[in-house]
>>> print(open('upload-v2.cif').read())   # mmCIF, C-alpha atoms
data_work
loop_
_atom_site.group_PDB
_atom_site.id
_atom_site.type_symbol
_atom_site.label_atom_id
_atom_site.label_comp_id
_atom_site.auth_asym_id
_atom_site.auth_seq_id
_atom_site.Cartn_x
_atom_site.Cartn_y
_atom_site.Cartn_z
ATOM 1 C CA MET A 1 -19.749 35.353 -25.441
ATOM 2 C CA PHE A 2 -18.685 32.805 -28.033
ATOM 3 C CA PRO A 3 -15.373 31.074 -27.158
ATOM 4 C CA LEU A 4 -13.909 31.362 -30.680
ATOM 5 C CA TYR A 5 -10.360 30.223 -29.898
ATOM 6 C CA ASP A 6 -11.445 27.207 -27.868
ATOM 7 C CA PHE A 7 -13.937 26.279 -30.588
ATOM 8 C CA LEU A 8 -11.302 26.522 -33.334
ATOM 9 C CA ILE A 9 -8.711 24.572 -31.334
ATOM 10 C CA TYR A 10 -11.208 21.770 -30.778
ATOM 11 C CA CYS A 11 -12.357 21.741 -34.424
ATOM 12 C CA PHE A 12 -8.869 21.691 -35.906
ATOM 13 C CA ILE A 13 -7.612 18.987 -33.554
ATOM 14 C CA ALA A 14 -10.662 16.856 -34.327
ATOM 15 C CA ALA A 15 -10.258 17.468 -38.074
ATOM 16 C CA TYR A 16 -6.510 16.896 -38.364
ATOM 17 C CA THR A 17 -5.860 13.970 -36.028
ATOM 18 C CA PRO A 18 -5.851 10.482 -37.559
ATOM 19 C CA GLY A 19 -9.228 9.011 -38.287
ATOM 20 C CA ALA A 20 -10.934 7.026 -41.038
ATOM 21 C CA ASN A 21 -11.286 10.015 -43.376
ATOM 22 C CA ASN A 22 -7.713 11.208 -43.015
ATOM 23 C CA LEU A 23 -6.065 7.804 -43.229
ATOM 24 C CA LEU A 24 -8.095 6.706 -46.253
ATOM 25 C CA SER A 25 -7.495 10.042 -47.980
ATOM 26 C CA MET A 26 -3.767 9.760 -47.358
ATOM 27 C CA SER A 27 -3.734 6.156 -48.540
ATOM 28 C CA ASN A 28 -5.671 6.967 -51.719
ATOM 29 C CA ALA A 29 -3.458 9.936 -52.555
ATOM 30 C CA ALA A 30 -0.285 7.954 -51.922
ATOM 31 C CA ARG A 31 -1.522 5.194 -54.244
ATOM 32 C CA LEU A 32 -3.306 7.225 -56.931
ATOM 33 C CA GLY A 33 -2.006 10.770 -56.628
ATOM 34 C CA PHE A 34 -3.862 13.786 -55.253
ATOM 35 C CA ARG A 35 -5.919 14.569 -58.368
ATOM 36 C CA ARG A 36 -7.306 11.047 -58.694
ATOM 37 C CA SER A 37 -8.195 10.961 -54.985
ATOM 38 C CA VAL A 38 -10.197 14.221 -55.014
ATOM 39 C CA VAL A 39 -13.476 12.532 -55.996
ATOM 40 C CA PHE A 40 -13.337 10.456 -52.805
ATOM 41 C CA ASN A 41 -12.696 13.645 -50.796
ATOM 42 C CA PHE A 42 -15.660 15.387 -52.449
ATOM 43 C CA GLY A 43 -17.767 12.459 -51.221
ATOM 44 C CA ILE A 44 -16.338 12.946 -47.725
ATOM 45 C CA THR A 45 -17.313 16.619 -47.866
ATOM 46 C CA ALA A 46 -20.874 15.893 -49.027
ATOM 47 C CA GLY A 47 -21.357 13.224 -46.375
ATOM 48 C CA PHE A 48 -19.822 15.493 -43.764
ATOM 49 C CA PHE A 49 -22.374 18.197 -44.592
ATOM 50 C CA PHE A 50 -25.307 15.779 -44.229
ATOM 51 C CA VAL A 51 -24.049 14.365 -40.932
ATOM 52 C CA MET A 52 -23.311 17.873 -39.556
ATOM 53 C CA SER A 53 -26.846 18.950 -40.489
ATOM 54 C CA LEU A 54 -28.431 15.929 -38.792
ATOM 55 C CA CYS A 55 -26.312 16.304 -35.663
ATOM 56 C CA THR A 56 -27.084 20.026 -35.467
ATOM 57 C CA LEU A 57 -30.803 19.343 -35.713
ATOM 58 C CA PHE A 58 -30.536 16.629 -33.044
ATOM 59 C CA SER A 59 -28.411 18.751 -30.685
ATOM 60 C CA ALA A 60 -30.538 21.891 -31.075
ATOM 61 C CA THR A 61 -33.758 19.949 -30.486
ATOM 62 C CA LEU A 62 -32.355 18.236 -27.413
ATOM 63 C CA TYR A 63 -30.932 21.494 -26.096
ATOM 64 C CA ASN A 64 -34.264 23.330 -26.520
ATOM 65 C CA LEU A 65 -36.424 20.550 -25.088
ATOM 66 C CA LEU A 66 -34.214 19.813 -22.113
ATOM 67 C CA PRO A 67 -32.382 22.963 -20.982
ATOM 68 C CA LYS A 68 -31.044 21.139 -17.921
ATOM 69 C CA VAL A 69 -29.162 18.792 -20.242
ATOM 70 C CA LYS A 70 -26.480 21.473 -20.706
ATOM 71 C CA ILE A 71 -24.421 20.495 -17.646
ATOM 72 C CA PHE A 72 -24.567 16.802 -18.609
ATOM 73 C CA MET A 73 -23.479 17.658 -22.151
ATOM 74 C CA GLN A 74 -20.639 19.775 -20.740
ATOM 75 C CA VAL A 75 -19.447 17.011 -18.440
ATOM 76 C CA LEU A 76 -19.720 14.316 -21.120
ATOM 77 C CA GLY A 77 -17.997 16.589 -23.638
ATOM 78 C CA ALA A 78 -15.166 17.330 -21.210
ATOM 79 C CA ILE A 79 -14.772 13.618 -20.413
ATOM 80 C CA TYR A 80 -14.677 12.844 -24.137
ATOM 81 C CA MET A 81 -12.027 15.528 -24.736
ATOM 82 C CA LEU A 82 -9.910 14.179 -21.865
ATOM 83 C CA TYR A 83 -10.311 10.666 -23.280
ATOM 84 C CA LEU A 84 -9.203 11.943 -26.699
ATOM 85 C CA ALA A 85 -6.241 13.700 -25.074
ATOM 86 C CA TRP A 86 -5.218 10.421 -23.400
ATOM 87 C CA LYS A 87 -5.616 8.433 -26.642
ATOM 88 C CA VAL A 88 -3.677 11.031 -28.670
ATOM 89 C CA TRP A 89 -0.872 11.159 -26.092
ATOM 90 C CA LYS A 90 -0.593 7.359 -25.887
ATOM 91 C CA SER A 91 -0.877 6.696 -29.640
ATOM 92 C CA SER A 92 2.155 5.654 -31.630
ATOM 93 C CA GLY A 93 3.487 7.245 -34.808
ATOM 94 C CA ASP A 94 2.478 4.210 -36.875
ATOM 95 C CA LEU A 95 -0.204 5.518 -39.220
ATOM 96 C CA LYS A 96 -0.310 2.729 -41.762
ATOM 97 C CA ALA A 97 -3.766 2.646 -43.297
ATOM 98 C CA GLU A 98 -5.174 -0.644 -44.405
ATOM 99 C CA GLY A 99 -7.528 -0.928 -47.318
ATOM 100 C CA GLY A 100 -8.587 2.299 -48.972
ATOM 101 C CA LYS A 101 -9.011 0.575 -52.332
ATOM 102 C CA GLU A 102 -12.286 2.323 -53.205
ATOM 103 C CA THR A 103 -12.008 5.953 -54.220
ATOM 104 C CA SER A 104 -15.499 6.801 -55.455
ATOM 105 C CA PHE A 105 -17.601 9.796 -54.419
ATOM 106 C CA MET A 106 -20.236 7.470 -52.974
ATOM 107 C CA ALA A 107 -17.675 5.547 -50.896
ATOM 108 C CA GLY A 108 -16.463 8.819 -49.343
ATOM 109 C CA MET A 109 -20.012 9.964 -48.647
ATOM 110 C CA ILE A 110 -21.238 6.673 -47.166
ATOM 111 C CA LEU A 111 -18.148 6.467 -44.946
ATOM 112 C CA GLN A 112 -19.393 9.560 -43.083
ATOM 113 C CA PHE A 113 -22.597 7.877 -41.952
ATOM 114 C CA MET A 114 -20.532 5.089 -40.352
ATOM 115 C CA ASN A 115 -17.790 7.326 -38.906
ATOM 116 C CA PRO A 116 -18.371 7.850 -35.151
ATOM 117 C CA LYS A 117 -15.618 10.474 -34.969
ATOM 118 C CA ILE A 118 -17.652 13.030 -36.932
ATOM 119 C CA TYR A 119 -20.842 12.418 -34.956
ATOM 120 C CA ILE A 120 -18.959 13.133 -31.765
ATOM 121 C CA TYR A 121 -17.202 16.101 -33.423
ATOM 122 C CA ALA A 122 -20.536 17.642 -34.438
ATOM 123 C CA ILE A 123 -22.472 16.990 -31.239
ATOM 124 C CA THR A 124 -19.583 18.160 -29.043
ATOM 125 C CA ALA A 125 -19.035 21.364 -31.035
ATOM 126 C CA MET A 126 -22.743 22.142 -31.160
ATOM 127 C CA SER A 127 -23.659 21.368 -27.567
ATOM 128 C CA LEU A 128 -20.573 22.814 -25.874
ATOM 129 C CA TYR A 129 -19.635 25.817 -27.976
ATOM 130 C CA ILE A 130 -22.421 26.902 -30.325
ATOM 131 C CA LEU A 131 -25.834 26.184 -28.754
ATOM 132 C CA PRO A 132 -25.088 27.923 -25.438
ATOM 133 C CA VAL A 133 -24.663 31.153 -27.422
ATOM 134 C CA TYR A 134 -26.695 30.860 -30.639
ATOM 135 C CA SER A 135 -30.124 29.454 -31.527
ATOM 136 C CA SER A 136 -31.027 31.135 -34.831
ATOM 137 C CA PRO A 137 -31.527 28.557 -37.617
ATOM 138 C CA LEU A 138 -29.551 30.744 -40.036
ATOM 139 C CA VAL A 139 -26.600 31.027 -37.631
ATOM 140 C CA LEU A 140 -26.734 27.292 -36.933
ATOM 141 C CA PHE A 141 -26.676 26.617 -40.681
ATOM 142 C CA GLY A 142 -23.610 28.868 -40.912
ATOM 143 C CA PHE A 143 -21.929 26.787 -38.230
ATOM 144 C CA VAL A 144 -22.852 23.593 -40.105
ATOM 145 C CA LEU A 145 -20.930 25.020 -43.063
ATOM 146 C CA VAL A 146 -17.980 26.040 -40.850
ATOM 147 C CA LEU A 147 -17.862 22.612 -39.189
ATOM 148 C CA THR A 148 -18.061 20.931 -42.594
ATOM 149 C CA VAL A 149 -15.265 23.016 -44.094
ATOM 150 C CA ILE A 150 -12.945 22.587 -41.105
ATOM 151 C CA GLY A 151 -13.810 18.915 -40.624
ATOM 152 C CA ALA A 152 -13.482 17.894 -44.265
ATOM 153 C CA SER A 153 -10.370 20.013 -44.783
ATOM 154 C CA GLY A 154 -8.363 17.492 -42.773
ATOM 155 C CA SER A 155 -8.919 14.812 -45.414
ATOM 156 C CA TYR A 156 -7.752 17.157 -48.187
ATOM 157 C CA VAL A 157 -4.616 18.090 -46.269
ATOM 158 C CA TRP A 158 -3.821 14.452 -45.506
ATOM 159 C CA ALA A 159 -4.399 13.580 -49.169
ATOM 160 C CA LEU A 160 -2.246 16.489 -50.337
ATOM 161 C CA PHE A 161 0.699 15.536 -48.205
ATOM 162 C CA GLY A 162 0.134 11.794 -48.604
ATOM 163 C CA ALA A 163 3.069 9.754 -47.441
ATOM 164 C CA ALA A 164 5.106 12.847 -46.478
ATOM 165 C CA PHE A 165 2.599 13.728 -43.759
ATOM 166 C CA CYS A 166 2.767 10.184 -42.450
ATOM 167 C CA ARG A 167 6.587 10.352 -42.224
ATOM 168 C CA PHE A 168 6.389 13.668 -40.324
ATOM 169 C CA PHE A 169 4.098 12.144 -37.712
ATOM 170 C CA ALA A 170 6.298 9.059 -37.467
ATOM 171 C CA ARG A 171 9.440 11.162 -36.873
ATOM 172 C CA HIS A 172 7.852 13.583 -34.393
ATOM 173 C CA ALA A 173 5.015 11.461 -33.048
ATOM 174 C CA LYS A 174 5.614 12.011 -29.322
ATOM 175 C CA ALA A 175 5.981 15.801 -29.610
ATOM 176 C CA VAL A 176 2.953 16.183 -31.916
ATOM 177 C CA ASN A 177 0.842 13.882 -29.723
ATOM 178 C CA LEU A 178 1.825 15.754 -26.556
ATOM 179 C CA VAL A 179 0.921 19.167 -28.032
ATOM 180 C CA MET A 180 -2.442 17.926 -29.328
ATOM 181 C CA ALA A 181 -3.220 16.169 -26.033
ATOM 182 C CA LEU A 182 -2.428 19.307 -24.014
ATOM 183 C CA LEU A 183 -4.619 21.426 -26.309
ATOM 184 C CA LEU A 184 -7.496 18.986 -25.776
ATOM 185 C CA VAL A 185 -7.017 19.141 -21.999
ATOM 186 C CA TYR A 186 -7.116 22.939 -22.249
ATOM 187 C CA CYS A 187 -10.400 22.745 -24.230
ATOM 188 C CA ALA A 188 -11.935 20.383 -21.654
ATOM 189 C CA VAL A 189 -10.945 22.606 -18.705
ATOM 190 C CA SER A 190 -12.057 25.809 -20.445
ATOM 191 C CA LEU A 191 -15.620 24.468 -20.674
ATOM 192 C CA PHE A 192 -16.023 25.193 -16.973
ATOM 193 C CA LEU A 193 -14.188 28.516 -16.756
#
>>> encode(input="upload-v2.cif", output="structure tokens")
Amino acid sequence: MFPLYDFLIYCFIAAYTPGANNLLSMSNAARLGFRRSVVFNFGITAGFFFVMSLCTLFSATLYNLLPKVKIFMQVLGAIYMLYLAWKVWKSSGDLKAEGGKETSFMAGMILQFMNPKIYIYAITAMSLYILPVYSSPLVLFGFVLVLTVIGASGSYVWALFGAAFCRFFARHAKAVNLVMALLLVYCAVSLFL
């Protein structure tokens, strides 16, 4: 049975916590306005789709060739989620983004190929939640689209709220970090239930 709620919790936390995409999107929107920053976000979405496709192909191939790799992927995934929980809990509310001067489609797309957060997001989601239940290429392609939409949506939300979102995190950083950290711990534990 597919663990829909656990999958969605993981995806949304990964998509909406600070990372290169979200901070650059917020910075661009704060400087240029939402409409002028959309081209950069379209590049993020396109790059996200390509990286999700490559990671899905990699994960599915590995999963099919080495069925015993599942337990190692579960353990590594759980360790990564616990590490993320620790980092989220210990992080400060200071979300000042440096740089972000380039707002082109290509800059947003190329950023995805150098962004380790989305590789880990894709491989973790595929190997821990999707591949244990589904193997059909069509279903996997559907999940690539779902992962892309959820993952890239974070950058649009951060761009839309711009500086206001940053102030919210700064004012409520400890509470927000604690909730996100506890949700990640829940996801890590639920892998073995």
>>> closest_atom_pairs(input="upload-v2.cif", of="stretch 48-69 of chain A", to="stretch 127-136 of chain A", cutoff="9 Å", atoms="all atoms listed in the file", output="Markdown table")
| residue | atom | partner | partner_atom | distance |
| --- | --- | --- | --- | --- |
| A:Thr56 | CA | A:Ser127 | CA | 8.7 |
| A:Ser59 | CA | A:Ser127 | CA | 6.3 |
| A:Ala60 | CA | A:Leu131 | CA | 6.8 |
| A:Tyr63 | CA | A:Leu131 | CA | 7.4 |
| A:Asn64 | CA | A:Ser135 | CA | 8.9 |
>>> closest_residue(input="upload-v2.cif", among="A:Ala152, A:Leu145, A:Leu182, A:Ile110", to="A:Gly19", atoms="all atoms listed in the file")
A:Ala152
>>> atom_distance(input="upload-v2.cif", atom1="atom CA of A:Ser153", atom2="atom CA of A:Ala15")
7.2 Å
>>> atom_distance(input="upload-v2.cif", atom1="atom CA of A:Phe42", atom2="atom CA of A:Asn28")
13.1 Å
>>> resolve_selection(input="upload-v2.cif", expression="the PyMOL selection byres ((chain A and resi 7) around 9)", output="PyMOL selection string")
chain A and resi 2-6+8-12+125+128-130+187
>>> closest_residue(input="upload-v2.cif", among="A:Gln74, A:Asn177, A:Thr103, A:Gln112", to="A:Ser190", atoms="all atoms listed in the file")
A:Gln74
>>> closest_residue(input="upload-v2.cif", among="A:Phe72, A:Phe113, A:Phe34, A:Phe58", to="A:Ala46", atoms="all atoms listed in the file")
A:Phe113
>>> closest_residue(input="upload-v2.cif", among="A:Tyr119, A:Phe143, A:Tyr186, A:Phe105", to="A:Val51", atoms="all atoms listed in the file")
A:Tyr119
>>> resolve_selection(input="upload-v2.cif", expression="the PyMOL selection byres ((chain A and resi 44) around 12)", output="ChimeraX atom specification")
/A:20-22,24-25,37-43,45-52,103-115,118,148-149,151-156
>>> atom_distance(input="upload-v2.cif", atom1="atom CA of A:His172", atom2="atom CA of A:Ala30")
20.1 Å
>>> closest_residue(input="upload-v2.cif", among="A:Lys117, A:Arg31, A:Arg171, A:Arg36", to="A:Tyr80", atoms="all atoms listed in the file")
A:Lys117
>>> axis_aligned_box(input="upload-v2.cif", around="stretch 104-115 of chain A", padding_each_side="8 Å", output="lines of an AutoDock Vina configuration file")
center_x = -19.0
center_y = 7.5
center_z = -47.2
size_x = 23.1
size_y = 20.9
size_z = 32.5
>>> closest_residue(input="upload-v2.cif", among="A:Leu147, A:Leu178, A:Leu140, A:Val189", to="A:Leu57", atoms="only C-alpha atoms")
A:Leu140
>>> decode(input="upload-v2.cif", residues="stretch 49-62 of chain A", atoms="all heavy atoms", output="compact mmCIF listing (two decimals), in the first residue's frame")
# COMPACT_ATOMS: atom_id res chain seq x y z
N PHE A 49 12.28 19.02 -13.76
CA PHE A 49 11.72 17.90 -14.50
C PHE A 49 12.84 16.99 -15.04
O PHE A 49 12.76 15.77 -14.93
CB PHE A 49 10.83 18.39 -15.64
CG PHE A 49 10.33 17.28 -16.52
CD1 PHE A 49 9.29 16.46 -16.09
CD2 PHE A 49 10.91 17.03 -17.74
CE1 PHE A 49 8.84 15.41 -16.89
CE2 PHE A 49 10.46 16.00 -18.55
CZ PHE A 49 9.43 15.19 -18.12
N PHE A 50 13.88 17.58 -15.61
CA PHE A 50 14.98 16.78 -16.15
C PHE A 50 15.70 16.01 -15.05
O PHE A 50 15.99 14.83 -15.21
CB PHE A 50 15.97 17.66 -16.93
CG PHE A 50 15.45 18.13 -18.25
CD1 PHE A 50 15.34 19.48 -18.51
CD2 PHE A 50 15.07 17.23 -19.23
CE1 PHE A 50 14.85 19.93 -19.73
CE2 PHE A 50 14.58 17.66 -20.45
CZ PHE A 50 14.47 19.02 -20.70
N VAL A 51 15.98 16.67 -13.94
CA VAL A 51 16.68 16.00 -12.84
C VAL A 51 15.80 14.90 -12.24
O VAL A 51 16.28 13.81 -11.94
CB VAL A 51 17.15 17.02 -11.77
CG1 VAL A 51 17.67 16.31 -10.54
CG2 VAL A 51 18.22 17.93 -12.35
N MET A 52 14.49 15.16 -12.08
CA MET A 52 13.58 14.13 -11.55
C MET A 52 13.56 12.92 -12.47
O MET A 52 13.56 11.78 -12.01
CB MET A 52 12.14 14.66 -11.41
CG MET A 52 11.91 15.69 -10.34
SD MET A 52 12.33 15.14 -8.70
CE MET A 52 13.70 16.21 -8.37
N SER A 53 13.54 13.16 -13.78
CA SER A 53 13.53 12.06 -14.75
C SER A 53 14.80 11.23 -14.64
O SER A 53 14.74 9.99 -14.62
CB SER A 53 13.38 12.60 -16.17
OG SER A 53 12.16 13.29 -16.31
N LEU A 54 15.95 11.89 -14.58
CA LEU A 54 17.22 11.17 -14.47
C LEU A 54 17.32 10.39 -13.17
O LEU A 54 17.76 9.23 -13.16
CB LEU A 54 18.39 12.16 -14.57
CG LEU A 54 18.60 12.83 -15.91
CD1 LEU A 54 19.67 13.92 -15.81
CD2 LEU A 54 18.99 11.81 -16.97
N CYS A 55 16.90 11.00 -12.08
CA CYS A 55 16.97 10.31 -10.78
C CYS A 55 15.99 9.14 -10.72
O CYS A 55 16.29 8.11 -10.11
CB CYS A 55 16.68 11.29 -9.64
SG CYS A 55 18.04 12.46 -9.36
N THR A 56 14.84 9.27 -11.35
CA THR A 56 13.88 8.17 -11.39
C THR A 56 14.45 7.01 -12.19
O THR A 56 14.36 5.85 -11.77
CB THR A 56 12.54 8.65 -12.00
OG1 THR A 56 11.99 9.65 -11.15
CG2 THR A 56 11.56 7.50 -12.15
N LEU A 57 15.04 7.29 -13.32
CA LEU A 57 15.66 6.25 -14.13
C LEU A 57 16.77 5.56 -13.35
O LEU A 57 16.85 4.33 -13.31
CB LEU A 57 16.20 6.85 -15.43
CG LEU A 57 16.83 5.89 -16.42
CD1 LEU A 57 15.81 4.88 -16.91
CD2 LEU A 57 17.40 6.66 -17.59
N PHE A 58 17.62 6.33 -12.69
CA PHE A 58 18.71 5.78 -11.89
C PHE A 58 18.17 4.91 -10.75
O PHE A 58 18.61 3.77 -10.56
CB PHE A 58 19.57 6.92 -11.33
CG PHE A 58 20.54 6.48 -10.28
CD1 PHE A 58 21.71 5.82 -10.63
CD2 PHE A 58 20.29 6.70 -8.93
CE1 PHE A 58 22.61 5.40 -9.66
CE2 PHE A 58 21.18 6.29 -7.96
CZ PHE A 58 22.34 5.64 -8.32
N SER A 59 17.21 5.45 -10.00
CA SER A 59 16.67 4.72 -8.84
C SER A 59 15.95 3.44 -9.27
O SER A 59 16.12 2.38 -8.64
CB SER A 59 15.70 5.60 -8.06
OG SER A 59 16.37 6.70 -7.51
N ALA A 60 15.15 3.52 -10.32
CA ALA A 60 14.41 2.34 -10.79
C ALA A 60 15.36 1.26 -11.29
O ALA A 60 15.17 0.07 -11.02
CB ALA A 60 13.42 2.74 -11.88
N THR A 61 16.40 1.66 -12.00
CA THR A 61 17.38 0.70 -12.51
C THR A 61 18.11 0.03 -11.35
O THR A 61 18.23 -1.20 -11.31
CB THR A 61 18.39 1.40 -13.43
OG1 THR A 61 17.68 2.02 -14.51
CG2 THR A 61 19.41 0.43 -13.97
N LEU A 62 18.55 0.82 -10.41
CA LEU A 62 19.24 0.28 -9.24
C LEU A 62 18.33 -0.65 -8.44
O LEU A 62 18.73 -1.74 -8.03
CB LEU A 62 19.75 1.42 -8.34
CG LEU A 62 20.59 1.03 -7.14
CD1 LEU A 62 21.87 0.34 -7.59
CD2 LEU A 62 20.92 2.27 -6.33
